[in-house]
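Pasted below: upload-v4.cif, mmCIF, C-alpha atoms.
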```cif
data_input
#
loop_
_atom_site.label_atom_id
_atom_site.label_comp_id
_atom_site.auth_asym_id
_atom_site.auth_seq_id
_atom_site.Cartn_x
_atom_site.Cartn_y
_atom_site.Cartn_z
CA MET A 186 -132.47 -53.63 -143.04
CA PRO A 187 -129.11 -52.78 -144.65
CA LYS A 188 -127.11 -49.63 -144.00
CA LEU A 189 -127.16 -46.70 -146.41
CA LYS A 190 -124.59 -46.11 -149.16
CA LEU A 191 -124.93 -49.61 -150.52
CA LYS A 192 -122.63 -50.67 -153.30
CA LEU A 193 -124.20 -52.18 -156.40
CA LYS A 194 -123.20 -55.75 -155.54
CA GLU A 195 -124.44 -55.34 -151.97
CA LEU A 196 -127.82 -54.10 -153.16
CA GLU A 197 -128.11 -56.99 -155.62
CA SER A 198 -127.21 -59.46 -152.88
CA TYR A 199 -130.00 -58.20 -150.62
CA LEU A 200 -132.52 -58.28 -153.47
CA GLN A 201 -131.73 -61.96 -154.05
CA ASP A 202 -133.84 -62.64 -150.95
CA VAL A 203 -137.03 -61.14 -152.41
CA GLU A 204 -139.56 -63.91 -153.02
CA VAL A 205 -141.11 -64.07 -156.50
CA PHE A 206 -144.20 -65.60 -158.12
CA ALA A 207 -144.77 -69.32 -157.61
CA LEU A 208 -147.58 -69.31 -160.21
CA PRO A 209 -147.19 -66.25 -162.46
CA LYS A 210 -150.18 -65.18 -164.56
CA VAL A 211 -149.53 -65.04 -168.27
CA GLU A 212 -152.41 -62.61 -168.92
CA LEU A 213 -150.69 -60.08 -166.65
CA GLU A 214 -147.23 -60.70 -168.14
CA GLN A 215 -145.87 -61.50 -164.69
CA TYR A 216 -142.16 -61.79 -165.33
CA PRO A 217 -140.26 -60.77 -162.18
CA THR A 218 -137.54 -58.15 -162.46
CA THR A 219 -134.30 -59.98 -161.69
CA PRO A 220 -132.23 -58.81 -158.71
CA HIS A 221 -129.40 -57.92 -161.08
CA ILE A 222 -131.52 -55.70 -163.33
CA ALA A 223 -133.37 -54.17 -160.38
CA ALA A 224 -130.11 -53.36 -158.60
CA CYS A 225 -128.59 -51.82 -161.73
CA MET A 226 -131.68 -49.70 -162.33
CA LEU A 227 -131.96 -48.46 -158.76
CA HIS A 228 -128.24 -47.86 -158.27
CA THR A 229 -128.14 -45.73 -161.42
CA ILE A 230 -131.24 -43.76 -160.40
CA HIS A 231 -129.74 -43.19 -156.96
CA GLU A 232 -126.08 -42.50 -157.75
CA THR A 233 -126.35 -40.72 -161.11
CA PHE A 234 -129.57 -38.73 -160.75
CA ASP A 235 -130.23 -38.56 -156.99
CA ASP A 236 -133.88 -39.46 -157.58
CA ILE A 237 -134.42 -41.91 -154.71
CA GLU A 238 -132.92 -40.79 -151.41
CA HIS A 239 -135.50 -38.78 -149.39
CA ARG A 240 -137.80 -38.81 -152.41
CA LEU A 241 -141.43 -39.86 -152.76
CA VAL A 242 -141.41 -42.85 -155.08
CA ALA A 243 -144.14 -44.80 -156.88
CA ASP A 244 -143.64 -48.31 -158.23
CA LEU A 245 -146.29 -49.05 -160.86
CA GLY A 246 -146.98 -52.71 -161.54
CA CYS A 247 -144.89 -53.50 -158.48
CA GLY A 248 -145.36 -57.26 -158.64
CA CYS A 249 -143.50 -58.91 -155.77
CA GLY A 250 -141.91 -55.61 -154.78
CA VAL A 251 -138.25 -55.87 -155.71
CA LEU A 252 -138.05 -52.25 -156.96
CA SER A 253 -139.97 -50.90 -153.96
CA ILE A 254 -137.78 -52.81 -151.53
CA GLY A 255 -134.63 -51.65 -153.28
CA ALA A 256 -135.84 -48.05 -153.18
CA VAL A 257 -136.33 -48.30 -149.41
CA MET A 258 -132.84 -49.76 -149.04
CA LEU A 259 -131.55 -46.67 -150.82
CA ASN A 260 -133.41 -44.49 -148.31
CA CYS A 261 -136.40 -43.21 -150.24
CA GLY A 262 -138.70 -41.10 -148.11
CA TYR A 263 -141.80 -43.10 -149.01
CA CYS A 264 -142.94 -45.58 -151.65
CA LEU A 265 -146.39 -46.18 -153.14
CA ALA A 266 -146.52 -49.68 -154.68
CA VAL A 267 -149.39 -50.35 -157.09
CA ASP A 268 -150.46 -53.59 -158.75
CA ILE A 269 -153.67 -54.98 -160.22
CA ASP A 270 -153.11 -58.46 -158.79
CA HIS A 271 -154.05 -59.20 -155.18
CA GLY A 272 -151.80 -62.26 -155.18
CA ALA A 273 -148.79 -60.20 -156.21
CA LEU A 274 -149.52 -57.70 -153.44
CA ASP A 275 -149.73 -60.54 -150.92
CA ILE A 276 -146.23 -61.65 -151.91
CA CYS A 277 -145.02 -58.05 -151.84
CA SER A 278 -146.50 -57.57 -148.37
CA ALA A 279 -144.77 -60.72 -147.11
CA ASN A 280 -141.47 -59.52 -148.58
CA LEU A 281 -141.83 -56.13 -146.90
CA ALA A 282 -142.56 -57.82 -143.58
CA GLU A 283 -139.50 -60.04 -143.99
CA PHE A 284 -137.32 -56.97 -144.55
CA GLU A 285 -139.12 -55.10 -141.73
CA MET A 286 -140.03 -52.20 -143.99
CA THR A 287 -142.91 -49.86 -143.19
CA GLN A 288 -142.28 -47.01 -145.65
CA VAL A 289 -144.32 -48.67 -148.41
CA ASP A 290 -148.07 -48.46 -148.95
CA LEU A 291 -149.66 -51.10 -151.18
CA VAL A 292 -152.58 -50.24 -153.45
CA GLN A 293 -154.54 -52.66 -155.62
CA ALA A 294 -155.57 -50.87 -158.82
CA ASP A 295 -155.46 -51.34 -162.56
CA ILE A 296 -153.94 -48.75 -164.83
CA LYS A 297 -157.38 -47.47 -165.92
CA SER A 298 -158.57 -46.71 -162.39
CA LEU A 299 -155.18 -45.23 -161.56
CA SER A 300 -155.33 -42.97 -164.60
CA SER A 301 -158.79 -41.75 -163.61
CA GLN A 302 -157.48 -40.76 -160.18
CA ILE A 303 -154.64 -38.89 -161.85
CA GLU A 304 -157.03 -37.08 -164.16
CA ASP A 305 -159.31 -35.98 -161.32
CA GLY A 306 -156.31 -34.58 -159.47
CA ARG A 307 -155.91 -37.00 -156.60
CA LEU A 308 -152.68 -38.51 -157.91
CA HIS A 309 -151.55 -35.79 -160.31
CA LYS A 310 -147.86 -34.93 -159.69
CA CYS A 311 -148.01 -36.50 -156.24
CA VAL A 312 -144.61 -38.23 -156.18
CA ASN A 313 -141.12 -37.20 -157.22
CA THR A 314 -140.02 -40.37 -158.98
CA VAL A 315 -141.80 -43.25 -160.70
CA ILE A 316 -139.97 -46.54 -161.22
CA MET A 317 -141.46 -49.46 -163.08
CA ASN A 318 -141.07 -52.56 -165.17
CA PRO A 319 -144.43 -52.41 -166.95
CA PRO A 320 -146.00 -55.13 -169.11
CA PHE A 321 -144.40 -54.97 -172.54
CA GLY A 322 -147.82 -54.93 -174.19
CA THR A 323 -147.58 -58.28 -175.93
CA LYS A 324 -150.37 -60.69 -176.93
CA ASN A 325 -153.69 -59.31 -175.61
CA ASN A 326 -152.11 -56.32 -173.84
CA ALA A 327 -151.17 -54.18 -176.83
CA GLY A 328 -150.48 -50.59 -175.82
CA LEU A 329 -150.44 -51.33 -172.10
CA ASP A 330 -146.80 -50.27 -171.77
CA LEU A 331 -147.70 -46.79 -173.01
CA LYS A 332 -150.65 -46.56 -170.63
CA PHE A 333 -148.29 -47.28 -167.73
CA LEU A 334 -145.83 -44.74 -169.05
CA ARG A 335 -148.47 -42.04 -169.46
CA ALA A 336 -149.72 -42.66 -165.90
CA GLY A 337 -146.17 -42.45 -164.55
CA ILE A 338 -145.45 -39.22 -166.39
CA ASN A 339 -148.61 -37.66 -164.98
CA MET A 340 -147.78 -38.79 -161.43
CA ALA A 341 -144.14 -37.74 -161.21
CA THR A 342 -142.73 -34.26 -160.70
CA ASP A 343 -139.13 -35.14 -161.54
CA ALA A 344 -138.60 -38.32 -163.56
CA VAL A 345 -139.93 -41.69 -164.65
CA TYR A 346 -137.63 -44.69 -165.01
CA SER A 347 -138.97 -47.58 -167.03
CA LEU A 348 -138.08 -50.69 -169.05
CA HIS A 349 -139.34 -51.06 -172.62
CA LYS A 350 -138.58 -53.40 -175.49
CA THR A 351 -135.81 -51.97 -177.64
CA SER A 352 -137.90 -52.75 -180.72
CA THR A 353 -140.45 -50.14 -179.57
CA ARG A 354 -137.88 -47.36 -178.98
CA ALA A 355 -138.80 -45.27 -182.03
CA HIS A 356 -142.50 -45.37 -181.16
CA ILE A 357 -141.87 -44.48 -177.52
CA PHE A 358 -139.60 -41.61 -178.57
CA LYS A 359 -142.40 -40.32 -180.80
CA LYS A 360 -144.88 -40.45 -177.88
CA ALA A 361 -142.41 -38.74 -175.52
CA LYS A 362 -141.99 -35.90 -177.99
CA GLU A 363 -145.77 -35.67 -178.35
CA TRP A 364 -146.10 -35.46 -174.56
CA ASP A 365 -143.29 -32.86 -174.34
CA VAL A 366 -141.13 -35.18 -172.24
CA GLN A 367 -137.37 -35.60 -172.46
CA MET A 368 -136.33 -39.21 -173.10
CA GLU A 369 -132.88 -40.68 -172.51
CA VAL A 370 -131.93 -44.32 -173.02
CA LEU A 371 -129.62 -45.05 -170.10
CA ALA A 372 -128.75 -48.63 -171.00
CA GLU A 373 -129.56 -51.48 -173.35
CA LEU A 374 -130.22 -54.63 -171.34
CA ARG A 375 -130.77 -58.31 -172.00
CA PHE A 376 -133.94 -59.39 -170.21
CA ASN A 377 -133.78 -63.16 -169.82
CA LEU A 378 -137.26 -64.71 -169.78
CA SER A 379 -137.07 -68.21 -168.40
CA ASN A 380 -139.46 -70.98 -169.49
CA THR A 381 -142.29 -69.87 -167.21
CA TYR A 382 -145.45 -70.64 -169.15
CA LYS A 383 -146.70 -73.67 -171.08
CA PHE A 384 -146.52 -71.92 -174.47
CA HIS A 385 -142.77 -71.30 -174.07
CA LYS A 386 -140.88 -73.61 -176.42
CA LYS A 387 -137.33 -72.72 -175.34
CA SER A 388 -135.72 -72.94 -171.91
CA SER A 389 -135.15 -69.18 -171.97
CA VAL A 390 -135.28 -66.22 -174.34
CA ASP A 391 -133.24 -63.04 -174.25
CA ILE A 392 -135.24 -59.90 -175.04
CA GLU A 393 -133.49 -56.62 -175.82
CA VAL A 394 -134.79 -54.02 -173.40
CA ASP A 395 -134.11 -50.30 -172.98
CA PHE A 396 -133.74 -48.75 -169.54
CA ILE A 397 -135.14 -45.26 -170.11
CA ARG A 398 -135.33 -42.04 -168.11
CA PHE A 399 -138.18 -39.64 -168.87
CA SER A 400 -137.80 -36.19 -167.33
CA PHE A 401 -139.46 -32.79 -167.29
CA GLN A 402 -139.52 -29.60 -165.25
CA SER A 403 -139.34 -30.68 -161.63
CA ASP A 404 -140.95 -29.56 -158.42
CA LYS A 405 -138.51 -30.40 -155.61
CA SER A 406 -141.02 -29.30 -152.96
CA LEU A 407 -142.44 -32.83 -152.66
CA THR A 408 -140.10 -34.28 -150.06
CA THR A 409 -142.23 -35.72 -147.27
CA LYS A 410 -144.86 -38.40 -146.96
CA THR A 411 -147.34 -35.91 -145.50
CA GLN A 412 -147.50 -34.18 -148.85
CA MET A 413 -148.73 -37.30 -150.63
CA CYS A 414 -152.07 -37.01 -152.37
CA ASP A 415 -155.06 -38.86 -150.98
CA ILE A 416 -155.62 -42.27 -152.54
#
```

Will you turn the file into structure tokens for me?
Amino acid sequence: MPKLKLKLKELESYLQDVEVFALPKVELEQYPTTPHIAACMLHTIHETFDDIEHRLVADLGCGCGVLSIGAVMLNCGYCLAVDIDHGALDICSANLAEFEMTQVDLVQADIKSLSSQIEDGRLHKCVNTVIMNPPFGTKNNAGLDLKFLRAGINMATDAVYSLHKTSTRAHIFKKAKEWDVQMEVLAELRFNLSNTYKFHKKSSVDIEVDFIRFSFQSDKSLTTKTQMCDI
């Protein structure tokens, strides 16, 4: 495992070794977060806001685990990685083993079951930071991005960092205001979607994506794994 105080390019280089989907599932919008975008996200969260080192982190819709692995490289105290897909968690588990990381717990759950655990108190405000690249809510998944966001906001004590289509910014800002959450667009990114599925007509498509920080009154007392809620 790499040393602490990684530079951006060093972090991206390590994340290049994270294995991704061989057969992604279109119904789950399984587009892996690229090492470049993951490194930029995590480095900003770490260096600008100090929301990773020694923090309890949750990665919702973790996929193959690139954000979880990067968070461990930046010395998070603990990471809870959640995904609905058993196959994705198998890849994530193999990646964690390859990097010899033990600070990550994997949980198979969909956003509905996760939300119910938050509502009954088991996962309410149980981590400091949530990081995620949720489904954008296209095709048959309309509104799924906001369900992920709502779950993250209810889980985190300090901040949620998430990617959302720039075209939905106004709607997300409206929801953040409704939920009494501060929203800051940290960067506008180009998310390159390669020709992954049969219905793709072009070799790749660039989608404009916002990297957003959602924040609220924090509780810095959550600093150790032993204070995690039961799951």

Care to translate the PyMOL selection byres ((chain A and resi 274) around 10) into actual residues of this file, as a count of residues only?
22

Could you tell me, as an MDAnalysis selection string, exactly which residues end up selected when the PyMOL selection byres ((chain A and resi 334-348) around 8) is applied to this structure?
chainID A and resid 230 236 245 296 299:300 303 308:319 330:333 349:350 394:405

Could you write those residues out with C-alpha atoms, as a short mmCIF file (atom, residue, chain, number, x, y, z; two decimals), keeping the file's coordinate frame?
```
data_model
loop_
_atom_site.label_atom_id
_atom_site.label_comp_id
_atom_site.auth_asym_id
_atom_site.auth_seq_id
_atom_site.Cartn_x
_atom_site.Cartn_y
_atom_site.Cartn_z
CA ILE A 230 -131.24 -43.76 -160.40
CA ASP A 236 -133.88 -39.46 -157.58
CA LEU A 245 -146.29 -49.05 -160.86
CA ILE A 296 -153.94 -48.75 -164.83
CA LEU A 299 -155.18 -45.23 -161.56
CA SER A 300 -155.33 -42.97 -164.60
CA ILE A 303 -154.64 -38.89 -161.85
CA LEU A 308 -152.68 -38.51 -157.91
CA HIS A 309 -151.55 -35.79 -160.31
CA LYS A 310 -147.86 -34.93 -159.69
CA CYS A 311 -148.01 -36.50 -156.24
CA VAL A 312 -144.61 -38.23 -156.18
CA ASN A 313 -141.12 -37.20 -157.22
CA THR A 314 -140.02 -40.37 -158.98
CA VAL A 315 -141.80 -43.25 -160.70
CA ILE A 316 -139.97 -46.54 -161.22
CA MET A 317 -141.46 -49.46 -163.08
CA ASN A 318 -141.07 -52.56 -165.17
CA PRO A 319 -144.43 -52.41 -166.95
CA ASP A 330 -146.80 -50.27 -171.77
CA LEU A 331 -147.70 -46.79 -173.01
CA LYS A 332 -150.65 -46.56 -170.63
CA PHE A 333 -148.29 -47.28 -167.73
CA HIS A 349 -139.34 -51.06 -172.62
CA LYS A 350 -138.58 -53.40 -175.49
CA VAL A 394 -134.79 -54.02 -173.40
CA ASP A 395 -134.11 -50.30 -172.98
CA PHE A 396 -133.74 -48.75 -169.54
CA ILE A 397 -135.14 -45.26 -170.11
CA ARG A 398 -135.33 -42.04 -168.11
CA PHE A 399 -138.18 -39.64 -168.87
CA SER A 400 -137.80 -36.19 -167.33
CA PHE A 401 -139.46 -32.79 -167.29
CA GLN A 402 -139.52 -29.60 -165.25
CA SER A 403 -139.34 -30.68 -161.63
CA ASP A 404 -140.95 -29.56 -158.42
CA LYS A 405 -138.51 -30.40 -155.61
#
```

Rounded to one decimal, what separation in Å do you get between atom CA of A:His231 and atom CA of A:Leu265?
17.3 Å

Selection under test: the PyMOL selection byres ((chain A and resi 220) around 12); residues as a short mmCIF file (atom, residue, chain, number, x, y, z; two decimals) with C-alpha atoms, in the coordinates of the input:
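Wrote out.cif, looks like this:
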```cif
data_model
loop_
_atom_site.label_atom_id
_atom_site.label_comp_id
_atom_site.auth_asym_id
_atom_site.auth_seq_id
_atom_site.Cartn_x
_atom_site.Cartn_y
_atom_site.Cartn_z
CA LEU A 193 -124.20 -52.18 -156.40
CA LYS A 194 -123.20 -55.75 -155.54
CA GLU A 195 -124.44 -55.34 -151.97
CA LEU A 196 -127.82 -54.10 -153.16
CA GLU A 197 -128.11 -56.99 -155.62
CA SER A 198 -127.21 -59.46 -152.88
CA TYR A 199 -130.00 -58.20 -150.62
CA LEU A 200 -132.52 -58.28 -153.47
CA GLN A 201 -131.73 -61.96 -154.05
CA ASP A 202 -133.84 -62.64 -150.95
CA VAL A 203 -137.03 -61.14 -152.41
CA GLU A 204 -139.56 -63.91 -153.02
CA VAL A 205 -141.11 -64.07 -156.50
CA PRO A 217 -140.26 -60.77 -162.18
CA THR A 218 -137.54 -58.15 -162.46
CA THR A 219 -134.30 -59.98 -161.69
CA HIS A 221 -129.40 -57.92 -161.08
CA ILE A 222 -131.52 -55.70 -163.33
CA ALA A 223 -133.37 -54.17 -160.38
CA ALA A 224 -130.11 -53.36 -158.60
CA CYS A 225 -128.59 -51.82 -161.73
CA MET A 226 -131.68 -49.70 -162.33
CA LEU A 227 -131.96 -48.46 -158.76
CA HIS A 228 -128.24 -47.86 -158.27
CA CYS A 249 -143.50 -58.91 -155.77
CA GLY A 250 -141.91 -55.61 -154.78
CA VAL A 251 -138.25 -55.87 -155.71
CA LEU A 252 -138.05 -52.25 -156.96
CA ILE A 254 -137.78 -52.81 -151.53
CA GLY A 255 -134.63 -51.65 -153.28
CA PHE A 376 -133.94 -59.39 -170.21
#
```

Could the centre and edge lengths of an axis-aligned box, enclosing all atoms of stretch 189-203 of chain A in the file with 5 Å extra on each side, be given in Å to one decimal as lines of an AutoDock Vina configuration file?
```
center_x = -129.8
center_y = -54.4
center_z = -151.4
size_x = 24.4
size_y = 26.5
size_z = 20.0
```

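Of the residues listed (A:Ile357, A:Ala294, A:Val257, A:Leu191), A:Leu191 shows the shortest atom-to-atom separation from A:Glu232; distances use only C-alpha atoms.
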
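Here atom CA of A:Cys261 stands at a distance of 16.0 Å from atom CA of A:Lys192.
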
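Between atom CA of A:Glu393 and atom CA of A:Glu373 the interatomic distance comes to 6.9 Å.
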
Since the input lacks atoms, please generate N, CA and C atoms for stretch 300-328 of chain A and provide them as a short mmCIF file (atom, residue, chain, number, x, y, z; two decimals), in the coordinates of the input.
```cif
data_model
loop_
_atom_site.label_atom_id
_atom_site.label_comp_id
_atom_site.auth_asym_id
_atom_site.auth_seq_id
_atom_site.Cartn_x
_atom_site.Cartn_y
_atom_site.Cartn_z
N SER A 300 -155.33 -44.13 -163.70
CA SER A 300 -155.33 -42.97 -164.60
C SER A 300 -156.49 -42.04 -164.30
N SER A 301 -157.64 -42.59 -163.93
CA SER A 301 -158.79 -41.75 -163.61
C SER A 301 -158.53 -40.93 -162.36
N GLN A 302 -157.82 -41.50 -161.39
CA GLN A 302 -157.48 -40.76 -160.18
C GLN A 302 -156.46 -39.67 -160.47
N ILE A 303 -155.60 -39.93 -161.44
CA ILE A 303 -154.64 -38.89 -161.85
C ILE A 303 -155.38 -37.74 -162.52
N GLU A 304 -156.30 -38.10 -163.40
CA GLU A 304 -157.03 -37.08 -164.16
C GLU A 304 -157.91 -36.21 -163.27
N ASP A 305 -158.47 -36.80 -162.19
CA ASP A 305 -159.31 -35.98 -161.32
C ASP A 305 -158.50 -35.24 -160.26
N GLY A 306 -157.18 -35.38 -160.33
CA GLY A 306 -156.31 -34.58 -159.47
C GLY A 306 -155.79 -35.24 -158.23
N ARG A 307 -156.33 -36.38 -157.85
CA ARG A 307 -155.91 -37.00 -156.60
C ARG A 307 -154.48 -37.53 -156.64
N LEU A 308 -154.03 -37.97 -157.80
CA LEU A 308 -152.68 -38.51 -157.91
C LEU A 308 -151.82 -37.73 -158.90
N HIS A 309 -152.29 -36.57 -159.34
CA HIS A 309 -151.55 -35.79 -160.31
C HIS A 309 -150.31 -35.17 -159.65
N LYS A 310 -149.13 -35.48 -160.19
CA LYS A 310 -147.86 -34.93 -159.69
C LYS A 310 -147.72 -35.10 -158.18
N CYS A 311 -148.01 -36.28 -157.69
CA CYS A 311 -148.01 -36.50 -156.24
C CYS A 311 -146.78 -37.24 -155.73
N VAL A 312 -145.87 -37.65 -156.62
CA VAL A 312 -144.61 -38.23 -156.18
C VAL A 312 -143.48 -37.57 -156.97
N ASN A 313 -142.26 -37.73 -156.48
CA ASN A 313 -141.12 -37.20 -157.22
C ASN A 313 -140.70 -38.11 -158.36
N THR A 314 -140.62 -39.41 -158.05
CA THR A 314 -140.02 -40.37 -158.98
C THR A 314 -140.93 -41.57 -159.16
N VAL A 315 -141.10 -42.00 -160.40
CA VAL A 315 -141.80 -43.25 -160.70
C VAL A 315 -140.79 -44.25 -161.26
N ILE A 316 -140.80 -45.46 -160.71
CA ILE A 316 -139.97 -46.54 -161.22
C ILE A 316 -140.89 -47.69 -161.62
N MET A 317 -140.57 -48.37 -162.70
CA MET A 317 -141.46 -49.46 -163.08
C MET A 317 -140.84 -50.37 -164.14
N ASN A 318 -141.31 -51.60 -164.11
CA ASN A 318 -141.07 -52.56 -165.17
C ASN A 318 -142.45 -52.98 -165.67
N PRO A 319 -143.04 -52.18 -166.56
CA PRO A 319 -144.43 -52.41 -166.95
C PRO A 319 -144.56 -53.61 -167.88
N PRO A 320 -145.78 -54.12 -168.07
CA PRO A 320 -146.00 -55.13 -169.11
C PRO A 320 -145.53 -54.58 -170.45
N PHE A 321 -144.92 -55.43 -171.25
CA PHE A 321 -144.40 -54.97 -172.54
C PHE A 321 -145.49 -54.78 -173.59
N GLY A 322 -146.72 -55.14 -173.25
CA GLY A 322 -147.82 -54.93 -174.19
C GLY A 322 -147.89 -55.97 -175.28
N THR A 323 -147.53 -57.21 -174.95
CA THR A 323 -147.58 -58.28 -175.93
C THR A 323 -148.93 -58.99 -175.88
N LYS A 324 -149.16 -59.87 -176.85
CA LYS A 324 -150.37 -60.69 -176.93
C LYS A 324 -151.63 -59.83 -176.80
N ASN A 325 -152.42 -60.02 -175.75
CA ASN A 325 -153.69 -59.31 -175.61
C ASN A 325 -153.56 -57.97 -174.89
N ASN A 326 -152.32 -57.55 -174.61
CA ASN A 326 -152.11 -56.32 -173.84
C ASN A 326 -151.50 -55.20 -174.68
N ALA A 327 -151.77 -55.18 -175.94
CA ALA A 327 -151.17 -54.18 -176.83
C ALA A 327 -151.43 -52.77 -176.33
N GLY A 328 -150.37 -51.98 -176.25
CA GLY A 328 -150.48 -50.59 -175.82
C GLY A 328 -150.45 -50.39 -174.32
#
```
